[in-house]
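S.K.: I have a structure here, written as structure tokens, and I will follow up with some questions on it.
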Amino acid sequence: MNPVSVAILAVAALVQLQLTASSPNSIIDRSSRNLSYVPKDLPKEVEFLDLSCNHIQQLHRGDFKNTTLLRFLNVSWNSMEMIDPETFLDTPLLEDLDLSHNKLKNLSSQLYLLHTGNLRVLNLTCNKFLSMTLGSEFSYLVKLKRLALGAKNISMGDFKNIASVKLRTLTLTIESELNYEAGSLKDVTAQRLQIAFTTNQMIDYDLIADALSRFDELELMNLISSYTDLTELLQRVKLHTFNFYLTNIWISWKDLTNFVNVVLNTSIAQLSASDVIMYSLPYKDTEVTQISQMKSFAARRAVVKSFFFSQEAVYNFFINLPVESLAITETSIIHMTCPKSQSPILHLDFSDCALSDSIFSRVEGQEILECDHLGNVRKLILFDNNLHSLQVLSKRVQHMRSLQHLDLSLNSLVYDELLECVWPQSITNMTLSSNSLTESVFKCLPKGIETLDLQDNQVSVIMSSVLKLENLTSLNLNANRLRDLPVCTSFPILNKLLLKSNSLSAPSANNLDSCPKLKTLDASYNPFTCTCALRSFLSLGIKSETKDSDTGIELLNWPLDYYCTYPEALRETTLKHFLIPEVSCNPSILAATILCPAVIIIITVVTLCHRLDVPWYVGMIWQWTRAKHRARTRQVQPEDLVGVEFHAFVSYSQHDADWVHNALLPNLEGPAGGLRICHHEKNFVPGKTIIENIISCVEKSRRSVFVLSAHFVKSEWCHYELYFASHQRLSRGADSILLVLLEPLPQYLIPSKYYQLKSMMGRHTYLEWPQDTAKHRLFWANLRAALQTDLPNAPLIQTEE
């Protein structure tokens, strides 16, 4: 395929792919299908249609009646001989039409163009046109920007019908036997003229002369000879061209250098060459014109066909060009020398070459000499080379006193911290993306840097002890290994921070408090762990949605590109929709939330227990239960109850007799209690001494009940009764004595001789008489349960419990 056609097709395809919406039917490729007509089953949504490389001979009206959205149509490399004038009546949006490499015959009768008023790109090259005369229908293409044509004869007036059309590019494919009439291009209004030659074709003097004198930009394609004629022509013609392009050319070193030296002395401002094959390269330096009006020289994809030559001689020619901008890209050069004198070059671009760390330097003996003739360079681009040592690179450019922009991206740069870097302090913009740099790089940076790009490296942390970069305003750390937000101690005026695609799981937004000037932050596409630790960052994101946020930080790509990756249940959940209450994350609030209700409940329960005497009831029930349990489990032998006639002997002070007679005895004896009670007023035998009666009553009773009060401890007889009962306790068990506390009895009121009483009270083996009448029933039940036992000499009496 013709290079012009390929270029136009590629540009058009790219534009259309960008404009294409979302429908899968918007792009249809029916190329190379052996078609002889336009398919009838094209979807209505089609915008990009490729019918190239088929056998279609004719386009008819109605072929595209259903494709009203069609914008790009490629019918190249068919056998097209005729196109119906109303073929494109139904495609008002058509912008790009490729009819190259067909058999169309008459440029003055392409009537189908009357219905293509929106065309921007039209390719009619490589057809059977004998004459370049354009018909009146071309005047309707008022929006046309790129027009590609080819014919054997070009005459005056051929382009008059497009005189009012302002083209961006006119492409002329020159046939092998071109007849060109001088001045034929005077009616063309185009910014750029492309002339594509066929194989081994000589240039037409008049055509090139008209091109150089009429167009701002001129591109010559596929040249392999006639460079001497072209060089002479440049010296004779009054030039209007200021941008000159050579594409896909074969050229000897002598022709190339002669051509460049001539161009340097013309008004041409920019000379560019791409896809260049050079041969017969030199063994020694070639002289370079030092007086020049040319501003820029660029070479792209240059290769050599010589095996033996001086690389240094080749490099010297280009580096010594007296231009402001020099670019050699996509070319396998492994070194670049230093100019012989102070160079006027301001911009240097050696992208996508094979340059090593020896760039610009030379070796004399055992010493490496650095280049000091590039002091005017302001911008140096060394993108995609074989550079390895950042410290060595700093030495190579240390004398570039004007250097401001340095691009070292896509290399293999590292910094080992063994030697100090010596950058020129004029550098303000530095690009180090896609290297192998770690956090140590911050110790090898120019102090005056303002914009730093470290994207796609291996930086895992920014230590606060790094070199202070007081002018740094923009820092790009996308695609590194950072685990937390950096502290801006070393970057006091940092305004923009990019941290996309790092290892931030729970970034601490508090670190940004050290960044008072920060306005823009991008932390998207990080593996966020949606736990409490993320709350501060989440708050930052929510605040960034408000223009009046007190943080003043814009969080780029929020909220769509911020997702949870852990825990698994929240994976793919956007941070904006991840909600976790503050109470779950704040220990103080959580403790208060749990403890406050608990304390209130405890206080309430204690208060209620106190008011309702719950402890007393619990204690009484516990004692009643124990008494019942002892009664069931203790096996009392019959011989232990020989001579026992009473359930209990009651000992009390005479001052408490009323309570004993009115309360105690009625609830223990008779139908109410069913117990036999022995007390001195009823059961003491006259004639016996009191001591004998006490001993007799204690021995005849299963238990002894002592009614304790302040009067009890003052009674001498009560002391005797307690003394004898204590001795009886040794033979009948610890439960043979029951203490009933009629009133509070502090320990200090009990005389020392009642040491046994003190001991028993210290173990809480007594029942308290409640003042609340509601508690009396439980008290009597508890006391009866403690005294209840089966006596051999006692009649069976039904008891109430």
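How things are named: the first chain in the structure tokens is A, the next is B, and so on; residues count from 1 in each chain; ligands count from 1 in the order shown.
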Skip stretch 484-486 of chain A itself and residues of its chain fewer than 3 positions away, then list as a PyMOL selection string all residues within 10 Å of it, counting only C-alpha atoms.
M.R.: chain A and resi 460-464+481+489-490+497+499+502-512+514-515+523+537
S.K.: Need the shell around stretch 661-672 of chain A: protein/DNA/RNA residues with any atom at most 12 Å away, counting only C-alpha atoms. Skip same-chain ones fewer than 2 positions apart. Format as a PDB file with N, CA, C and O atoms, in the first residue's frame?
M.R.:
```pdb
ATOM      1  N   PHE A 646     -37.281 -32.123 124.019  1.00  0.00           N
ATOM      2  CA  PHE A 646     -37.664 -30.834 123.424  1.00  0.00           C
ATOM      3  C   PHE A 646     -36.857 -30.570 122.149  1.00  0.00           C
ATOM      4  O   PHE A 646     -35.708 -31.016 121.994  1.00  0.00           O
ATOM      5  N   HIS A 647     -37.501 -29.881 121.247  1.00  0.00           N
ATOM      6  CA  HIS A 647     -36.789 -29.449 120.031  1.00  0.00           C
ATOM      7  C   HIS A 647     -35.750 -28.394 120.367  1.00  0.00           C
ATOM      8  O   HIS A 647     -34.692 -28.346 119.732  1.00  0.00           O
ATOM      9  N   ALA A 648     -36.079 -27.529 121.346  1.00  0.00           N
ATOM     10  CA  ALA A 648     -35.133 -26.451 121.648  1.00  0.00           C
ATOM     11  C   ALA A 648     -35.353 -25.931 123.058  1.00  0.00           C
ATOM     12  O   ALA A 648     -36.466 -25.954 123.590  1.00  0.00           O
ATOM     13  N   PHE A 649     -34.239 -25.484 123.632  1.00  0.00           N
ATOM     14  CA  PHE A 649     -34.270 -24.763 124.905  1.00  0.00           C
ATOM     15  C   PHE A 649     -34.033 -23.300 124.584  1.00  0.00           C
ATOM     16  O   PHE A 649     -33.076 -22.953 123.875  1.00  0.00           O
ATOM     17  N   VAL A 650     -34.892 -22.429 125.074  1.00  0.00           N
ATOM     18  CA  VAL A 650     -34.805 -20.997 124.793  1.00  0.00           C
ATOM     19  C   VAL A 650     -34.206 -20.296 125.998  1.00  0.00           C
ATOM     20  O   VAL A 650     -34.732 -20.401 127.118  1.00  0.00           O
ATOM     21  N   SER A 651     -33.098 -19.575 125.730  1.00  0.00           N
ATOM     22  CA  SER A 651     -32.443 -18.788 126.772  1.00  0.00           C
ATOM     23  C   SER A 651     -32.589 -17.317 126.426  1.00  0.00           C
ATOM     24  O   SER A 651     -32.242 -16.918 125.298  1.00  0.00           O
ATOM     25  N   TYR A 652     -33.063 -16.514 127.357  1.00  0.00           N
ATOM     26  CA  TYR A 652     -33.302 -15.106 127.084  1.00  0.00           C
ATOM     27  C   TYR A 652     -33.228 -14.318 128.377  1.00  0.00           C
ATOM     28  O   TYR A 652     -33.334 -14.862 129.480  1.00  0.00           O
ATOM     29  N   GLN A 654     -34.714 -11.619 131.038  1.00  0.00           N
ATOM     30  CA  GLN A 654     -36.068 -11.363 131.535  1.00  0.00           C
ATOM     31  C   GLN A 654     -36.649 -10.108 130.902  1.00  0.00           C
ATOM     32  O   GLN A 654     -37.855  -9.993 130.770  1.00  0.00           O
ATOM     33  N   HIS A 655     -35.760  -9.190 130.477  1.00  0.00           N
ATOM     34  CA  HIS A 655     -36.240  -7.958 129.837  1.00  0.00           C
ATOM     35  C   HIS A 655     -36.852  -8.237 128.463  1.00  0.00           C
ATOM     36  O   HIS A 655     -37.588  -7.412 127.922  1.00  0.00           O
ATOM     37  N   ASP A 656     -36.520  -9.418 127.884  1.00  0.00           N
ATOM     38  CA  ASP A 656     -37.039  -9.764 126.559  1.00  0.00           C
ATOM     39  C   ASP A 656     -38.143 -10.801 126.652  1.00  0.00           C
ATOM     40  O   ASP A 656     -38.525 -11.421 125.639  1.00  0.00           O
ATOM     41  N   ALA A 657     -38.659 -11.015 127.868  1.00  0.00           N
ATOM     42  CA  ALA A 657     -39.677 -12.046 128.072  1.00  0.00           C
ATOM     43  C   ALA A 657     -40.940 -11.788 127.279  1.00  0.00           C
ATOM     44  O   ALA A 657     -41.586 -12.727 126.771  1.00  0.00           O
ATOM     45  N   ASP A 658     -41.329 -10.510 127.159  1.00  0.00           N
ATOM     46  CA  ASP A 658     -42.560 -10.200 126.411  1.00  0.00           C
ATOM     47  C   ASP A 658     -42.448 -10.673 124.954  1.00  0.00           C
ATOM     48  O   ASP A 658     -43.401 -11.236 124.402  1.00  0.00           O
ATOM     49  N   TRP A 659     -41.313 -10.422 124.338  1.00  0.00           N
ATOM     50  CA  TRP A 659     -41.146 -10.821 122.922  1.00  0.00           C
ATOM     51  C   TRP A 659     -41.171 -12.341 122.819  1.00  0.00           C
ATOM     52  O   TRP A 659     -41.750 -12.897 121.897  1.00  0.00           O
ATOM     53  N   GLY A 674     -45.590 -26.503 115.860  1.00  0.00           N
ATOM     54  CA  GLY A 674     -45.508 -27.948 116.052  1.00  0.00           C
ATOM     55  C   GLY A 674     -44.247 -28.391 116.765  1.00  0.00           C
ATOM     56  O   GLY A 674     -43.848 -29.537 116.637  1.00  0.00           O
ATOM     57  N   LEU A 675     -43.566 -27.462 117.475  1.00  0.00           N
ATOM     58  CA  LEU A 675     -42.316 -27.797 118.154  1.00  0.00           C
ATOM     59  C   LEU A 675     -42.516 -27.779 119.684  1.00  0.00           C
ATOM     60  O   LEU A 675     -43.373 -27.059 120.206  1.00  0.00           O
ATOM     61  N   ARG A 676     -41.689 -28.554 120.357  1.00  0.00           N
ATOM     62  CA  ARG A 676     -41.685 -28.518 121.822  1.00  0.00           C
ATOM     63  C   ARG A 676     -40.536 -27.623 122.269  1.00  0.00           C
ATOM     64  O   ARG A 676     -39.382 -27.875 121.942  1.00  0.00           O
ATOM     65  N   ILE A 677     -40.873 -26.601 123.003  1.00  0.00           N
ATOM     66  CA  ILE A 677     -39.905 -25.619 123.437  1.00  0.00           C
ATOM     67  C   ILE A 677     -39.783 -25.674 124.950  1.00  0.00           C
ATOM     68  O   ILE A 677     -40.789 -25.668 125.662  1.00  0.00           O
ATOM     69  N   CYS A 678     -38.556 -25.679 125.423  1.00  0.00           N
ATOM     70  CA  CYS A 678     -38.273 -25.691 126.870  1.00  0.00           C
ATOM     71  C   CYS A 678     -37.788 -24.313 127.281  1.00  0.00           C
ATOM     72  O   CYS A 678     -36.839 -23.787 126.680  1.00  0.00           O
ATOM     73  N   HIS A 679     -38.445 -23.711 128.300  1.00  0.00           N
ATOM     74  CA  HIS A 679     -37.956 -22.440 128.827  1.00  0.00           C
ATOM     75  C   HIS A 679     -38.146 -22.437 130.326  1.00  0.00           C
ATOM     76  O   HIS A 679     -39.027 -23.123 130.879  1.00  0.00           O
ATOM     77  N   HIS A 680     -37.384 -21.633 131.015  1.00  0.00           N
ATOM     78  CA  HIS A 680     -37.279 -21.754 132.463  1.00  0.00           C
ATOM     79  C   HIS A 680     -38.579 -21.449 133.197  1.00  0.00           C
ATOM     80  O   HIS A 680     -38.859 -22.012 134.251  1.00  0.00           O
ATOM     81  N   GLU A 681     -39.427 -20.612 132.663  1.00  0.00           N
ATOM     82  CA  GLU A 681     -40.653 -20.252 133.370  1.00  0.00           C
ATOM     83  C   GLU A 681     -41.650 -21.404 133.388  1.00  0.00           C
ATOM     84  O   GLU A 681     -42.523 -21.478 134.235  1.00  0.00           O
ATOM     85  N   LYS A 682     -41.486 -22.298 132.463  1.00  0.00           N
ATOM     86  CA  LYS A 682     -42.450 -23.385 132.355  1.00  0.00           C
ATOM     87  C   LYS A 682     -41.837 -24.721 132.775  1.00  0.00           C
ATOM     88  O   LYS A 682     -42.501 -25.549 133.396  1.00  0.00           O
ATOM     89  N   VAL A 705     -31.653 -22.232 121.755  1.00  0.00           N
ATOM     90  CA  VAL A 705     -31.879 -20.957 121.063  1.00  0.00           C
ATOM     91  C   VAL A 705     -31.595 -19.839 122.055  1.00  0.00           C
ATOM     92  O   VAL A 705     -32.191 -19.794 123.141  1.00  0.00           O
ATOM     93  N   PHE A 706     -30.710 -18.918 121.684  1.00  0.00           N
ATOM     94  CA  PHE A 706     -30.363 -17.797 122.551  1.00  0.00           C
ATOM     95  C   PHE A 706     -30.865 -16.520 121.899  1.00  0.00           C
ATOM     96  O   PHE A 706     -30.501 -16.196 120.759  1.00  0.00           O
ATOM     97  N   VAL A 707     -31.752 -15.819 122.640  1.00  0.00           N
ATOM     98  CA  VAL A 707     -32.303 -14.549 122.166  1.00  0.00           C
ATOM     99  C   VAL A 707     -31.346 -13.455 122.628  1.00  0.00           C
ATOM    100  O   VAL A 707     -31.298 -13.111 123.822  1.00  0.00           O
ATOM    101  N   VAL A 740     -30.465 -15.876 117.884  1.00  0.00           N
ATOM    102  CA  VAL A 740     -31.463 -14.960 117.336  1.00  0.00           C
ATOM    103  C   VAL A 740     -31.118 -13.567 117.842  1.00  0.00           C
ATOM    104  O   VAL A 740     -31.170 -13.312 119.061  1.00  0.00           O
ATOM    105  N   LEU A 742     -32.044 -10.129 118.490  1.00  0.00           N
ATOM    106  CA  LEU A 742     -33.277  -9.360 118.633  1.00  0.00           C
ATOM    107  C   LEU A 742     -33.070  -7.901 118.264  1.00  0.00           C
ATOM    108  O   LEU A 742     -33.988  -7.232 117.790  1.00  0.00           O
ATOM    109  N   TRP A 769     -33.748 -10.547 113.851  1.00  0.00           N
ATOM    110  CA  TRP A 769     -35.184 -10.261 113.928  1.00  0.00           C
ATOM    111  C   TRP A 769     -35.468  -9.004 113.120  1.00  0.00           C
ATOM    112  O   TRP A 769     -34.976  -7.927 113.405  1.00  0.00           O
ATOM    113  N   THR A 773     -42.569  -5.927 109.426  1.00  0.00           N
ATOM    114  CA  THR A 773     -43.491  -7.038 109.678  1.00  0.00           C
ATOM    115  C   THR A 773     -43.647  -7.929 108.453  1.00  0.00           C
ATOM    116  O   THR A 773     -44.004  -9.111 108.585  1.00  0.00           O
ATOM    117  N   HIS A 776     -41.497 -11.001 108.704  1.00  0.00           N
ATOM    118  CA  HIS A 776     -41.619 -11.899 109.854  1.00  0.00           C
ATOM    119  C   HIS A 776     -41.905 -13.338 109.432  1.00  0.00           C
ATOM    120  O   HIS A 776     -41.367 -14.288 110.015  1.00  0.00           O
ATOM    121  N   ARG A 777     -42.764 -13.499 108.427  1.00  0.00           N
ATOM    122  CA  ARG A 777     -43.161 -14.842 108.038  1.00  0.00           C
ATOM    123  C   ARG A 777     -41.963 -15.663 107.575  1.00  0.00           C
ATOM    124  O   ARG A 777     -41.825 -16.837 107.938  1.00  0.00           O
ATOM    125  N   LEU A 778     -41.077 -15.007 106.775  1.00  0.00           N
ATOM    126  CA  LEU A 778     -39.879 -15.707 106.308  1.00  0.00           C
ATOM    127  C   LEU A 778     -38.956 -16.009 107.475  1.00  0.00           C
ATOM    128  O   LEU A 778     -38.301 -17.058 107.522  1.00  0.00           O
ATOM    129  N   PHE A 779     -38.865 -15.099 108.443  1.00  0.00           N
ATOM    130  CA  PHE A 779     -38.016 -15.314 109.614  1.00  0.00           C
ATOM    131  C   PHE A 779     -38.465 -16.556 110.390  1.00  0.00           C
ATOM    132  O   PHE A 779     -37.648 -17.408 110.750  1.00  0.00           O
ATOM    133  N   TRP A 780     -39.783 -16.665 110.635  1.00  0.00           N
ATOM    134  CA  TRP A 780     -40.289 -17.810 111.426  1.00  0.00           C
ATOM    135  C   TRP A 780     -40.110 -19.126 110.643  1.00  0.00           C
ATOM    136  O   TRP A 780     -39.776 -20.157 111.225  1.00  0.00           O
ATOM    137  N   ALA A 781     -40.314 -19.068 109.333  1.00  0.00           N
ATOM    138  CA  ALA A 781     -40.115 -20.279 108.532  1.00  0.00           C
ATOM    139  C   ALA A 781     -38.670 -20.740 108.600  1.00  0.00           C
ATOM    140  O   ALA A 781     -38.389 -21.944 108.694  1.00  0.00           O
ATOM    141  N   ASN A 782     -37.757 -19.791 108.559  1.00  0.00           N
ATOM    142  CA  ASN A 782     -36.335 -20.121 108.624  1.00  0.00           C
ATOM    143  C   ASN A 782     -35.984 -20.706 109.984  1.00  0.00           C
ATOM    144  O   ASN A 782     -35.240 -21.701 110.074  1.00  0.00           O
ATOM    145  N   LEU A 783     -36.505 -20.116 111.057  1.00  0.00           N
ATOM    146  CA  LEU A 783     -36.200 -20.595 112.407  1.00  0.00           C
ATOM    147  C   LEU A 783     -36.794 -21.981 112.649  1.00  0.00           C
ATOM    148  O   LEU A 783     -36.139 -22.869 113.218  1.00  0.00           O
ATOM    149  N   ARG A 784     -38.031 -22.186 112.182  1.00  0.00           N
ATOM    150  CA  ARG A 784     -38.645 -23.503 112.366  1.00  0.00           C
ATOM    151  C   ARG A 784     -37.885 -24.578 111.579  1.00  0.00           C
ATOM    152  O   ARG A 784     -37.719 -25.711 112.023  1.00  0.00           O
ATOM    153  N   ALA A 785     -37.436 -24.212 110.378  1.00  0.00           N
ATOM    154  CA  ALA A 785     -36.674 -25.178 109.572  1.00  0.00           C
ATOM    155  C   ALA A 785     -35.384 -25.574 110.263  1.00  0.00           C
ATOM    156  O   ALA A 785     -34.932 -26.725 110.161  1.00  0.00           O
ATOM    157  N   ALA A 786     -34.779 -24.630 110.973  1.00  0.00           N
ATOM    158  CA  ALA A 786     -33.524 -24.919 111.666  1.00  0.00           C
ATOM    159  C   ALA A 786     -33.743 -25.805 112.884  1.00  0.00           C
ATOM    160  O   ALA A 786     -32.850 -26.573 113.276  1.00  0.00           O
ATOM    161  N   LEU A 787     -34.928 -25.716 113.496  1.00  0.00           N
ATOM    162  CA  LEU A 787     -35.196 -26.471 114.719  1.00  0.00           C
ATOM    163  C   LEU A 787     -35.875 -27.803 114.458  1.00  0.00           C
ATOM    164  O   LEU A 787     -35.932 -28.670 115.346  1.00  0.00           O
ATOM    165  N   GLN A 788     -36.453 -27.961 113.284  1.00  0.00           N
ATOM    166  CA  GLN A 788     -37.272 -29.138 112.995  1.00  0.00           C
ATOM    167  C   GLN A 788     -36.429 -30.409 113.035  1.00  0.00           C
ATOM    168  O   GLN A 788     -35.355 -30.491 112.437  1.00  0.00           O
ATOM    169  N   PRO A 795     -44.691 -36.553 120.162  1.00  0.00           N
ATOM    170  CA  PRO A 795     -45.752 -36.993 119.274  1.00  0.00           C
ATOM    171  C   PRO A 795     -45.584 -36.376 117.905  1.00  0.00           C
ATOM    172  O   PRO A 795     -45.019 -35.312 117.746  1.00  0.00           O
ATOM    173  N   LEU A 796     -46.141 -37.109 116.907  1.00  0.00           N
ATOM    174  CA  LEU A 796     -46.079 -36.571 115.538  1.00  0.00           C
ATOM    175  C   LEU A 796     -47.028 -35.411 115.401  1.00  0.00           C
ATOM    176  O   LEU A 796     -48.229 -35.537 115.635  1.00  0.00           O
ATOM    177  N   ILE A 797     -46.539 -34.299 115.030  1.00  0.00           N
ATOM    178  CA  ILE A 797     -47.370 -33.091 114.901  1.00  0.00           C
ATOM    179  C   ILE A 797     -47.179 -32.555 113.484  1.00  0.00           C
ATOM    180  O   ILE A 797     -46.074 -32.452 112.970  1.00  0.00           O
ATOM    181  N   GLN A 798     -48.280 -32.257 112.836  1.00  0.00           N
ATOM    182  CA  GLN A 798     -48.213 -31.717 111.459  1.00  0.00           C
ATOM    183  C   GLN A 798     -47.692 -30.295 111.530  1.00  0.00           C
ATOM    184  O   GLN A 798     -48.301 -29.440 112.175  1.00  0.00           O
ATOM    185  N   THR A 799     -46.571 -29.996 110.883  1.00  0.00           N
ATOM    186  CA  THR A 799     -45.974 -28.653 110.946  1.00  0.00           C
ATOM    187  C   THR A 799     -46.282 -27.882 109.682  1.00  0.00           C
ATOM    188  O   THR A 799     -46.515 -28.432 108.619  1.00  0.00           O
ATOM    189  N   GLU A 800     -46.241 -26.603 109.859  1.00  0.00           N
ATOM    190  CA  GLU A 800     -46.504 -25.696 108.702  1.00  0.00           C
ATOM    191  C   GLU A 800     -45.209 -25.012 108.331  1.00  0.00           C
ATOM    192  O   GLU A 800     -44.544 -24.435 109.186  1.00  0.00           O
ATOM    193  N   GLU A 801     -44.904 -25.098 107.077  1.00  0.00           N
ATOM    194  CA  GLU A 801     -43.675 -24.472 106.604  1.00  0.00           C
ATOM    195  C   GLU A 801     -44.007 -23.423 105.565  1.00  0.00           C
ATOM    196  O   GLU A 801     -44.901 -23.577 104.763  1.00  0.00           O
TER     197      GLU A 801
END
```
S.K.: How far is it from atom CA of A:Lys714 to atom CA of A:Arg702, in Å with one decimal?
M.R.: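 Here the two named atoms are 25.8 Å from each other.
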S.K.: At most 9 Å is the cut-off: for each residue in stretch 359-393 of chain A with any atom that close to an atom of stretch 409-429 of chain A, write down the nearest atom pair and the distance in Å rounded to one decimal, counting only C-alpha atoms, chain first then increasing number, as CSV.
M.R.:
```
residue,atom,partner,partner_atom,distance
A:Arg378,CA,A:Ile427,CA,8.6
A:Ile381,CA,A:Ser409,CA,8.6
A:Leu382,CA,A:Ser409,CA,7.2
A:Phe383,CA,A:Ser409,CA,5.0
A:Asp384,CA,A:Leu410,CA,4.6
A:Asn385,CA,A:Asn411,CA,5.5
A:Asn386,CA,A:Asn411,CA,5.8
A:Leu387,CA,A:Asn411,CA,5.5
A:His388,CA,A:Leu413,CA,4.2
A:Ser389,CA,A:Leu413,CA,5.3
A:Leu390,CA,A:Tyr415,CA,5.6
A:Gln391,CA,A:Cys421,CA,5.1
A:Val392,CA,A:Cys421,CA,7.8
A:Leu393,CA,A:Trp423,CA,8.5
```
S.K.: Point out the residue among A:Gly62, A:Val466, A:Phe297, A:Ile333 with the least atom-to-atom distance to A:Asp352, counting only C-alpha atoms.
M.R.: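 Smallest separation from A:Asp352 among the options: A:Ile333.
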S.K.: Can you list, as a list of chain:residue names, every residue of stretch 376-459 of chain A that DSSP puts in strand (DSSP E or B)?
M.R.: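 Those residues are A:Lys379, A:Leu380, A:Ile381, A:Ser389, A:His405, A:Leu406, A:Asp407, A:Val414, A:Asn429, A:Met430, A:Thr431, A:Thr451, A:Leu452, A:Asp453.
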S.K.: Compare A:Leu326, A:Ile319, A:Val377, A:Val165 by their minimum atom-to-atom distance to A:Cys338, counting only C-alpha atoms, and give me the closest one.
M.R.: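 Looking at the shortest contact to A:Cys338, the residue is A:Ile319.
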S.K.: What is the atom CA of A:Lys517-atom CA of A:Glu470 distance in Å, reported with one decimal?
M.R.: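 Distance between the two atoms: 12.1 Å.
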S.K.: Please identify which residues in stretch 351-590 of chain A DSSP calls helix (DSSP H, G or I) from the backbone, and express them as a PyMOL selection string.
M.R.: chain A and resi 390-396+439-443+488-490+509-514+532-544+568-570+575-577+582-585+587-590
S.K.: For atom CA of A:Trp558 and atom CA of A:Ser539, determine how far apart the two atoms are, in Å to one decimal place.
M.R.: 12.1 Å
S.K.: Can you tell me, as an MDAnalysis selection string, what residues are no more than 8 Å from stretch 219-224 of chain A when counting only C-alpha atoms, ignoring any on the same chain fewer than 4 positions away?
M.R.: chainID A and resid 192:201 244:251
S.K.: Export C-alpha atoms of the chosen residues as a compact mmCIF listing (two decimals), in the first residue's frame?
M.R.:
```
# COMPACT_ATOMS: atom_id res chain seq x y z
CA ARG A 192 1.42 21.56 4.18
CA LEU A 193 2.26 19.89 0.88
CA GLN A 194 3.27 16.22 0.78
CA ILE A 195 4.90 14.89 -2.38
CA ALA A 196 5.27 11.11 -2.59
CA PHE A 197 7.60 9.81 -5.29
CA THR A 198 7.57 6.39 -6.87
CA THR A 199 10.61 4.12 -7.00
CA ASN A 200 13.76 5.57 -8.67
CA GLN A 201 11.89 8.68 -9.76
CA PHE A 244 11.06 20.84 5.62
CA TYR A 245 10.43 17.08 6.09
CA LEU A 246 12.14 14.09 4.47
CA THR A 247 10.39 10.75 4.98
CA ASN A 248 11.42 7.21 4.03
CA ILE A 249 14.62 8.13 2.20
CA TRP A 250 17.93 6.53 1.14
CA ILE A 251 20.84 8.94 1.29
```
